[in-house]
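One file, start16.csv, is given below (CSV, C-alpha atoms).
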```csv
chain,number,residue,atom,x,y,z
F,1,MET,CA,19.5,16.4,-9.9
F,2,ASP,CA,18.5,17.0,-6.3
F,3,PRO,CA,21.1,16.5,-3.7
F,4,ILE,CA,20.7,14.0,-0.9
F,5,ILE,CA,21.0,15.6,2.5
F,6,ILE,CA,20.4,13.4,5.5
F,7,VAL,CA,21.0,14.5,9.1
F,8,GLY,CA,22.8,11.9,11.2
F,9,THR,CA,21.2,10.0,14.1
F,10,GLN,CA,22.6,7.8,16.8
F,11,LYS,CA,22.7,4.9,14.4
F,12,THR,CA,22.8,6.4,10.9
F,13,PRO,CA,25.3,8.7,9.3
F,14,THR,CA,25.1,12.3,8.0
F,15,VAL,CA,25.0,12.1,4.3
F,16,ASN,CA,25.6,14.8,1.6
F,17,PHE,CA,25.5,13.7,-2.0
F,18,ASN,CA,25.7,16.6,-4.4
F,19,SER,CA,25.8,16.5,-8.2
F,20,ASN,CA,28.6,19.0,-8.1
F,21,GLY,CA,30.7,16.0,-7.3
F,22,LYS,CA,31.0,16.2,-3.5
F,23,ILE,CA,30.0,13.0,-1.8
F,24,GLU,CA,30.1,12.7,1.9
F,25,ILE,CA,29.2,10.0,4.5
F,26,LYS,CA,30.0,11.0,8.1
F,27,GLY,CA,29.3,9.8,11.6
F,28,ARG,CA,28.1,6.3,12.7
F,29,SER,CA,26.5,3.7,10.6
F,30,ILE,CA,25.1,1.0,12.9
F,31,PRO,CA,21.5,0.3,12.0
F,32,GLU,CA,20.4,-3.4,12.2
F,33,ASN,CA,19.3,-3.4,8.6
F,34,SER,CA,21.3,-1.0,6.5
F,35,ILE,CA,19.8,-1.9,3.1
F,36,GLU,CA,16.8,0.4,3.7
F,37,PHE,CA,19.1,3.3,4.5
F,38,TYR,CA,21.6,2.8,1.7
F,39,LYS,CA,19.4,1.9,-1.1
F,40,PRO,CA,18.4,5.5,-2.0
F,41,LEU,CA,22.1,6.5,-1.9
F,42,VAL,CA,23.0,3.7,-4.3
F,43,ASP,CA,20.1,4.7,-6.5
F,44,TRP,CA,21.2,8.3,-6.5
F,45,LEU,CA,24.7,7.3,-7.6
F,46,GLU,CA,23.2,5.3,-10.4
F,47,ALA,CA,21.4,8.4,-11.6
F,48,TYR,CA,24.5,10.5,-11.1
F,49,SER,CA,26.6,8.1,-13.1
F,50,SER,CA,24.8,9.0,-16.3
F,51,LYS,CA,26.1,12.5,-16.0
F,52,PRO,CA,29.0,12.7,-13.5
F,53,GLN,CA,31.3,15.5,-12.8
F,54,GLU,CA,34.9,15.3,-14.2
F,55,LEU,CA,35.9,14.9,-10.6
F,56,THR,CA,33.9,13.2,-7.9
F,57,GLU,CA,35.4,13.6,-4.5
F,58,VAL,CA,34.2,11.2,-1.8
F,59,ASN,CA,34.8,11.8,1.9
F,60,VAL,CA,34.1,9.0,4.3
F,61,GLN,CA,34.5,9.7,7.9
F,62,LEU,CA,32.9,7.0,10.1
F,63,GLU,CA,33.4,6.5,13.8
F,64,TYR,CA,31.7,3.1,13.7
F,65,PHE,CA,30.1,1.0,11.1
F,66,ASN,CA,28.5,-2.4,11.6
F,67,THR,CA,28.8,-5.4,9.2
F,68,SER,CA,25.4,-4.7,7.9
F,69,SER,CA,26.6,-1.3,6.7
F,70,SER,CA,29.9,-2.6,5.4
F,71,LYS,CA,28.2,-4.5,2.6
F,72,CYS,CA,26.1,-1.4,1.7
F,73,ILE,CA,29.1,0.8,1.8
F,74,LEU,CA,30.8,-1.6,-0.6
F,75,ASP,CA,27.8,-1.2,-2.9
F,76,VAL,CA,28.3,2.6,-2.8
F,77,PHE,CA,31.9,2.1,-3.7
F,78,LYS,CA,31.1,-0.2,-6.6
F,79,LYS,CA,28.8,2.4,-8.1
F,80,LEU,CA,31.7,4.9,-7.8
F,81,GLU,CA,34.0,2.4,-9.4
F,82,SER,CA,31.8,2.1,-12.4
F,83,ILE,CA,31.8,5.9,-12.7
F,84,SER,CA,35.6,5.8,-12.6
F,85,LYS,CA,35.7,3.0,-15.2
F,86,ALA,CA,33.7,5.1,-17.6
F,87,GLY,CA,36.6,7.5,-17.7
F,88,ASN,CA,35.8,10.0,-14.9
F,89,ASN,CA,38.0,10.9,-12.0
F,90,VAL,CA,36.9,9.6,-8.6
F,91,ILE,CA,38.9,9.9,-5.4
F,92,VAL,CA,38.1,8.6,-2.0
F,93,ASN,CA,39.3,10.2,1.2
F,94,TRP,CA,39.0,7.6,4.0
F,95,TYR,CA,39.3,9.3,7.4
F,96,TYR,CA,40.2,7.4,10.5
F,97,GLU,CA,41.0,8.6,14.1
F,98,GLU,CA,44.5,8.5,15.4
F,99,ASP,CA,45.2,5.0,16.7
F,100,ASP,CA,42.0,3.5,15.2
F,101,GLU,CA,43.7,0.7,13.4
F,102,ASP,CA,40.5,-1.1,12.7
F,103,MET,CA,39.1,1.8,10.8
F,104,LEU,CA,42.3,2.2,8.8
F,105,GLU,CA,42.2,-1.5,8.0
F,106,ALA,CA,38.6,-1.2,6.9
F,107,GLY,CA,39.7,1.5,4.5
F,108,GLU,CA,42.5,-0.7,3.2
F,109,ASP,CA,40.1,-3.6,2.8
F,110,TYR,CA,37.9,-1.5,0.5
F,111,GLN,CA,41.0,-0.2,-1.3
F,112,SER,CA,42.0,-3.7,-2.1
F,113,ILE,CA,38.6,-4.5,-3.6
F,114,ILE,CA,37.7,-1.3,-5.4
F,115,LYS,CA,39.8,0.1,-8.2
F,116,ILE,CA,39.7,3.8,-7.3
F,117,PRO,CA,42.4,5.9,-5.7
F,118,PHE,CA,41.9,5.8,-1.9
F,119,LYS,CA,43.7,8.3,0.4
F,120,MET,CA,43.9,7.3,4.1
F,121,VAL,CA,43.6,10.4,6.2
F,122,GLU,CA,44.5,10.3,9.8
F,123,ILE,CA,42.5,12.6,12.1
F,124,THR,CA,44.6,13.9,14.9
F,125,GLU,CA,42.8,15.8,17.7
L,1,MET,CA,11.7,-17.5,37.0
L,2,ASN,CA,9.9,-20.6,35.8
L,3,ILE,CA,11.1,-22.9,33.1
L,4,VAL,CA,8.8,-25.0,31.1
L,5,GLN,CA,7.8,-28.0,33.3
L,6,GLY,CA,9.6,-31.2,32.7
L,7,TYR,CA,12.7,-29.8,31.0
L,8,LYS,CA,15.4,-29.1,33.6
L,9,GLN,CA,18.7,-29.7,31.7
L,10,PHE,CA,19.2,-26.0,31.3
L,11,ASN,CA,18.4,-23.4,33.9
L,12,PHE,CA,18.6,-19.8,32.8
L,13,GLN,CA,18.8,-18.4,36.3
L,14,GLU,CA,21.8,-20.6,37.1
L,15,TRP,CA,23.5,-19.6,33.9
L,16,LEU,CA,23.0,-15.9,34.8
L,17,ASN,CA,24.3,-16.4,38.3
L,18,LYS,CA,27.5,-18.0,37.2
L,19,VAL,CA,29.2,-14.6,36.8
L,20,PRO,CA,30.1,-13.0,40.2
L,21,LYS,CA,28.1,-9.9,40.6
L,22,GLU,CA,31.0,-7.7,41.5
L,23,LYS,CA,32.6,-8.3,38.1
L,24,ILE,CA,29.5,-7.4,36.1
L,25,ILE,CA,29.7,-4.2,34.1
L,26,PHE,CA,26.3,-4.5,32.5
L,27,ALA,CA,23.8,-7.3,32.2
L,28,TYR,CA,20.5,-7.4,30.3
L,29,ASN,CA,17.9,-9.9,29.5
L,30,GLY,CA,14.7,-9.1,27.7
L,31,ASN,CA,13.3,-8.1,24.4
L,32,ILE,CA,15.5,-7.1,21.5
L,33,THR,CA,14.1,-4.5,19.2
L,34,SER,CA,15.8,-1.7,17.2
L,35,ASP,CA,14.9,0.9,19.9
L,36,ILE,CA,16.1,-1.3,22.7
L,37,VAL,CA,19.4,-1.9,20.9
L,38,THR,CA,19.8,1.9,20.5
L,39,ASN,CA,19.1,2.4,24.2
L,40,LEU,CA,21.5,-0.4,25.3
L,41,LEU,CA,24.3,1.0,23.2
L,42,ASN,CA,23.7,4.5,24.8
L,43,VAL,CA,23.8,3.1,28.3
L,44,LEU,CA,26.9,1.0,27.6
L,45,GLU,CA,28.8,4.0,26.1
L,46,THR,CA,28.2,5.9,29.3
L,47,LYS,CA,29.3,2.9,31.4
L,48,PHE,CA,32.6,2.8,29.5
L,49,GLU,CA,33.4,6.3,30.4
L,50,GLY,CA,33.5,5.2,34.0
L,51,LEU,CA,36.0,2.4,33.3
L,52,ASP,CA,39.7,2.9,33.4
L,53,ILE,CA,40.4,1.7,29.8
L,54,SER,CA,42.0,3.2,26.7
L,55,THR,CA,39.9,4.8,24.0
L,56,LYS,CA,41.2,2.1,21.7
L,57,SER,CA,39.8,-0.7,23.9
L,58,ILE,CA,36.5,1.1,24.2
L,59,LYS,CA,36.2,1.2,20.5
L,60,VAL,CA,36.8,-2.6,20.2
L,61,ILE,CA,34.3,-3.4,22.9
L,62,TYR,CA,31.8,-1.1,21.4
L,63,ASN,CA,32.3,-2.6,17.9
L,64,VAL,CA,31.8,-6.1,19.3
L,65,LEU,CA,28.7,-5.0,21.2
L,66,VAL,CA,27.2,-3.5,18.0
L,67,GLU,CA,27.8,-6.7,16.1
L,68,VAL,CA,26.5,-8.9,18.9
L,69,LEU,CA,23.4,-6.9,19.3
L,70,GLN,CA,22.9,-6.9,15.5
L,71,ASN,CA,23.2,-10.7,15.6
L,72,LEU,CA,20.8,-11.1,18.5
L,73,TYR,CA,18.4,-8.7,16.8
L,74,HIS,CA,18.4,-10.8,13.6
L,75,HIS,CA,18.8,-14.4,14.9
L,76,SER,CA,17.3,-14.8,18.3
L,77,SER,CA,14.0,-16.6,18.9
L,78,HIS,CA,11.3,-15.2,21.1
L,79,ASN,CA,11.0,-15.6,24.8
L,80,ILE,CA,10.7,-19.4,25.3
L,81,ILE,CA,11.3,-19.3,29.0
L,82,GLU,CA,8.1,-17.5,29.8
L,83,ASN,CA,6.4,-19.6,27.2
L,84,ILE,CA,5.1,-16.5,25.5
L,85,ASN,CA,3.5,-17.2,22.2
L,86,ASN,CA,4.3,-13.9,20.7
L,87,LYS,CA,6.9,-15.2,18.3
L,88,ASP,CA,7.5,-11.8,16.8
L,89,VAL,CA,9.5,-10.3,19.6
L,90,LYS,CA,13.1,-11.4,19.9
L,91,TRP,CA,14.5,-12.1,23.3
L,92,ALA,CA,18.1,-12.4,24.5
L,93,ALA,CA,20.4,-12.0,27.4
L,94,PHE,CA,24.0,-10.7,27.7
L,95,ILE,CA,26.5,-10.0,30.4
L,96,LEU,CA,29.6,-7.8,30.0
L,97,PHE,CA,32.0,-8.5,32.8
L,98,LYS,CA,35.6,-8.1,33.9
L,99,ASN,CA,37.5,-11.3,33.6
L,100,ASN,CA,41.1,-11.1,34.9
L,101,ASP,CA,43.0,-8.8,32.5
L,102,TYR,CA,40.3,-8.7,29.9
L,103,PHE,CA,36.6,-8.4,29.4
L,104,THR,CA,34.1,-11.0,28.4
L,105,LEU,CA,30.9,-10.5,26.7
L,106,SER,CA,28.6,-13.5,27.2
L,107,THR,CA,25.4,-13.7,25.3
L,108,GLY,CA,22.5,-16.1,25.3
L,109,ASN,CA,19.5,-16.7,23.2
L,110,PHE,CA,17.2,-19.4,22.1
L,111,ILE,CA,17.5,-20.9,18.7
L,112,GLU,CA,15.6,-23.7,16.9
L,113,LYS,CA,17.5,-26.9,17.2
L,114,LYS,CA,17.4,-27.4,13.5
L,115,ASN,CA,19.8,-24.4,13.1
L,116,VAL,CA,22.3,-25.5,15.7
L,117,GLY,CA,24.4,-27.7,13.3
L,118,ILE,CA,25.0,-24.9,10.7
L,119,LEU,CA,25.8,-22.4,13.4
L,120,LYS,CA,28.2,-24.7,15.2
L,121,GLU,CA,30.0,-25.5,11.9
L,122,LYS,CA,30.3,-21.8,11.2
L,123,ILE,CA,31.9,-21.0,14.5
L,124,GLU,CA,34.2,-24.0,14.3
L,125,TYR,CA,35.3,-22.9,10.9
L,126,ILE,CA,36.0,-19.3,12.0
L,127,ASN,CA,37.9,-20.7,15.0
L,128,SER,CA,40.1,-22.8,12.7
L,129,LEU,CA,41.4,-19.8,10.8
L,130,THR,CA,44.6,-17.9,11.5
L,131,LYS,CA,44.5,-14.1,11.7
L,132,ASP,CA,45.4,-13.7,8.1
L,133,GLU,CA,42.9,-16.3,7.0
L,134,ILE,CA,40.2,-14.5,8.9
L,135,LYS,CA,41.0,-11.3,7.1
L,136,GLU,CA,40.9,-13.0,3.8
L,137,TYR,CA,37.6,-14.7,4.6
L,138,TYR,CA,36.1,-11.4,5.8
L,139,ILE,CA,36.9,-9.8,2.4
L,140,LYS,CA,35.6,-12.8,0.5
L,141,ILE,CA,32.2,-12.7,2.3
L,142,LEU,CA,32.1,-8.9,2.1
L,143,ASN,CA,32.6,-9.1,-1.6
L,144,ASN,CA,30.2,-11.9,-2.4
L,145,ALA,CA,27.2,-9.6,-2.8
L,146,GLN,CA,24.9,-11.9,-0.8
L,147,TYR,CA,22.6,-10.5,1.8
L,148,SER,CA,20.9,-12.9,4.1
L,149,GLU,CA,17.2,-12.3,4.1
L,150,LYS,CA,17.6,-10.6,7.4
L,151,GLY,CA,19.9,-8.0,5.9
L,152,GLY,CA,22.8,-9.4,7.9
L,153,GLY,CA,25.3,-10.2,5.2
L,154,GLY,CA,26.9,-13.1,7.1
L,155,LEU,CA,29.8,-11.1,8.5
L,156,GLY,CA,29.0,-10.6,12.2
L,157,LEU,CA,30.9,-13.5,13.7
L,158,ILE,CA,33.8,-13.1,11.4
L,159,ASP,CA,34.1,-9.5,12.3
L,160,ILE,CA,34.0,-10.3,16.0
L,161,ALA,CA,36.7,-12.8,15.6
L,162,LYS,CA,38.7,-10.4,13.4
L,163,LYS,CA,38.5,-7.5,15.8
L,164,THR,CA,39.1,-9.4,19.1
L,165,GLY,CA,41.7,-11.9,17.8
L,166,SER,CA,40.0,-14.4,20.1
L,167,LYS,CA,38.5,-17.8,19.5
L,168,LEU,CA,34.8,-17.8,19.9
L,169,GLU,CA,33.7,-19.9,22.9
L,170,TYR,CA,30.2,-21.4,22.6
L,171,ASN,CA,27.8,-23.8,24.2
L,172,PHE,CA,24.5,-25.2,23.1
L,173,PHE,CA,22.3,-26.2,26.0
L,174,ASP,CA,19.4,-28.5,25.3
L,175,PHE,CA,16.2,-26.7,26.3
L,176,ASN,CA,13.3,-28.6,24.9
L,177,ASN,CA,12.3,-30.6,21.9
L,178,GLU,CA,12.4,-27.6,19.6
L,179,TYR,CA,14.9,-25.2,21.1
L,180,SER,CA,18.4,-24.9,22.4
L,181,PHE,CA,20.0,-22.1,24.4
L,182,TYR,CA,22.9,-20.8,22.5
L,183,ASN,CA,25.6,-19.2,24.6
L,184,LEU,CA,28.5,-17.3,23.0
L,185,ASN,CA,31.5,-16.0,25.0
L,186,ILE,CA,33.7,-13.4,23.5
L,187,ASN,CA,36.9,-12.4,25.2
L,188,ILE,CA,38.1,-8.9,24.5
L,189,LEU,CA,41.6,-8.0,25.5
```
Serialized structure, structure tokens:
Amino acid sequence: MDPIIIVGTQKTPTVNFNSNGKIEIKGRSIPENSIEFYKPLVDWLEAYSSKPQELTEVNVQLEYFNTSSSKCILDVFKKLESISKAGNNVIVNWYYEEDDEDMLEAGEDYQSIIKIPFKMVEITE
Amino acid sequence: MNIVQGYKQFNFQEWLNKVPKEKIIFAYNGNITSDIVTNLLNVLETKFEGLDISTKSIKVIYNVLVEVLQNLYHHSSHNIIENINNKDVKWAAFILFKNNDYFTLSTGNFIEKKNVGILKEKIEYINSLTKDEIKEYYIKILNNAQYSEKGGGGLGLIDIAKKTGSKLEYNFFDFNNEYSFYNLNINIL
């Protein structure tokens, strides 16, 4: 299947979703209505879930995301969770900047809801 | 600035003037569109660089601004003051200012009176929660898979309370038969 490659803007993240199992969301996610942005990503994961790689590695590195995005990001994680539940390996690397406790906490919030291994990765400049 | 004749309980200019000018970091009143929100955030980010505050504080303030502007974008009414009948364009005001050892973000927008009750209840509920309860509530609403028709998700105020650890201060000023002026003050330490 075709990859999704989206260049980031001031309000929307850079996205790379590849059927080789590499999933990446990076930058800022602060559009007022995130549903429009995230729907194609969730749809792509739905299609990917019918034939996923043995290992899907998800890298999320966000500087900011608004609450509108947080629900959509959860939808992305729920799709990944169903891929994991079907017996495939999925891991999430959640990046946060040094001292950004809010971002670390956000990762931990998702970790508590979603049954996939999360790794919290601190970025030190 | 004129207010609609005959309704003088709330005066927007007076409200704006309450904050001493020398304390104001940034003030805006006008239309709220997606592009305007983007521009405001860009300007504000530049302003922060000139302030003597930690990167951590900047992040909290910026996060609160993003949420506030998102809320204003979704929930404000149009420009009632100038009695403009173009109901499609949202209008709001906000002032970011230095307040003793902390910052205050004060917002104002018109809302229909019929929505005041629910909003007030929501704020009061959030204010009644402890830090741990806010976190639990946030996760609960996050996980409930409901999106408001405006794509908001219902999390904005909870997130603001969570990130600032402050109680939300609010006022509803009677404006006319149909509308109130809703003022929210968020203290960011």
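For the choices L:Asn187, L:Thr164, L:Asn143, L:Asn177, the atom-to-atom distance to Lys78 of chain F is smallest for L:Asn143 when using only C-alpha atoms.
Picture a line from atom CA of Val121 of chain F to atom CA of Thr130 of chain L; it runs 28.8 Å.
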Legend entry - Protein, DNA and RNA residues within 10 Å of (35.2, -8.9, 13.4), all atoms listed in the file, as a VMD selection string: (chain F and resid 66 to 67 102) or (chain L and resid 60 63 to 64 67 134 to 135 138 155 to 166)
Inset, instruction - May I ask you to extract the residues of chain F within 12 Å of chain L, using all atoms listed in the file, and to give them as a PyMOL selection string? - result: chain F and resi 9-12+28-38+63-75+77-78+97-103+105-114
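The interatomic distance for the pair atom CA of Phe103 of chain L and atom CA of Ile61 of chain L works out to 8.5 Å.
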Legend entry - Proximity to Ile95 of chain L - best of L:Ile188, L:Ile111, L:Ala27, L:Leu119, all atoms listed in the file: L:Ala27
Legend entry - Separation of atom CA of Trp44 of chain F from atom CA of Glu24 of chain F, in Å and rounded to one decimal: 13.0 Å
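Of the residues listed (F:Lys51, F:Lys85, F:Lys39, F:Lys115), F:Lys51 shows the shortest atom-to-atom separation from Gly21 of chain F; distances use only C-alpha atoms.
Distance check against Phe94 of chain L using only C-alpha atoms: of L:Asn176, L:Asn17, L:Asn29, L:Ser128, the minimum falls on L:Asn29.
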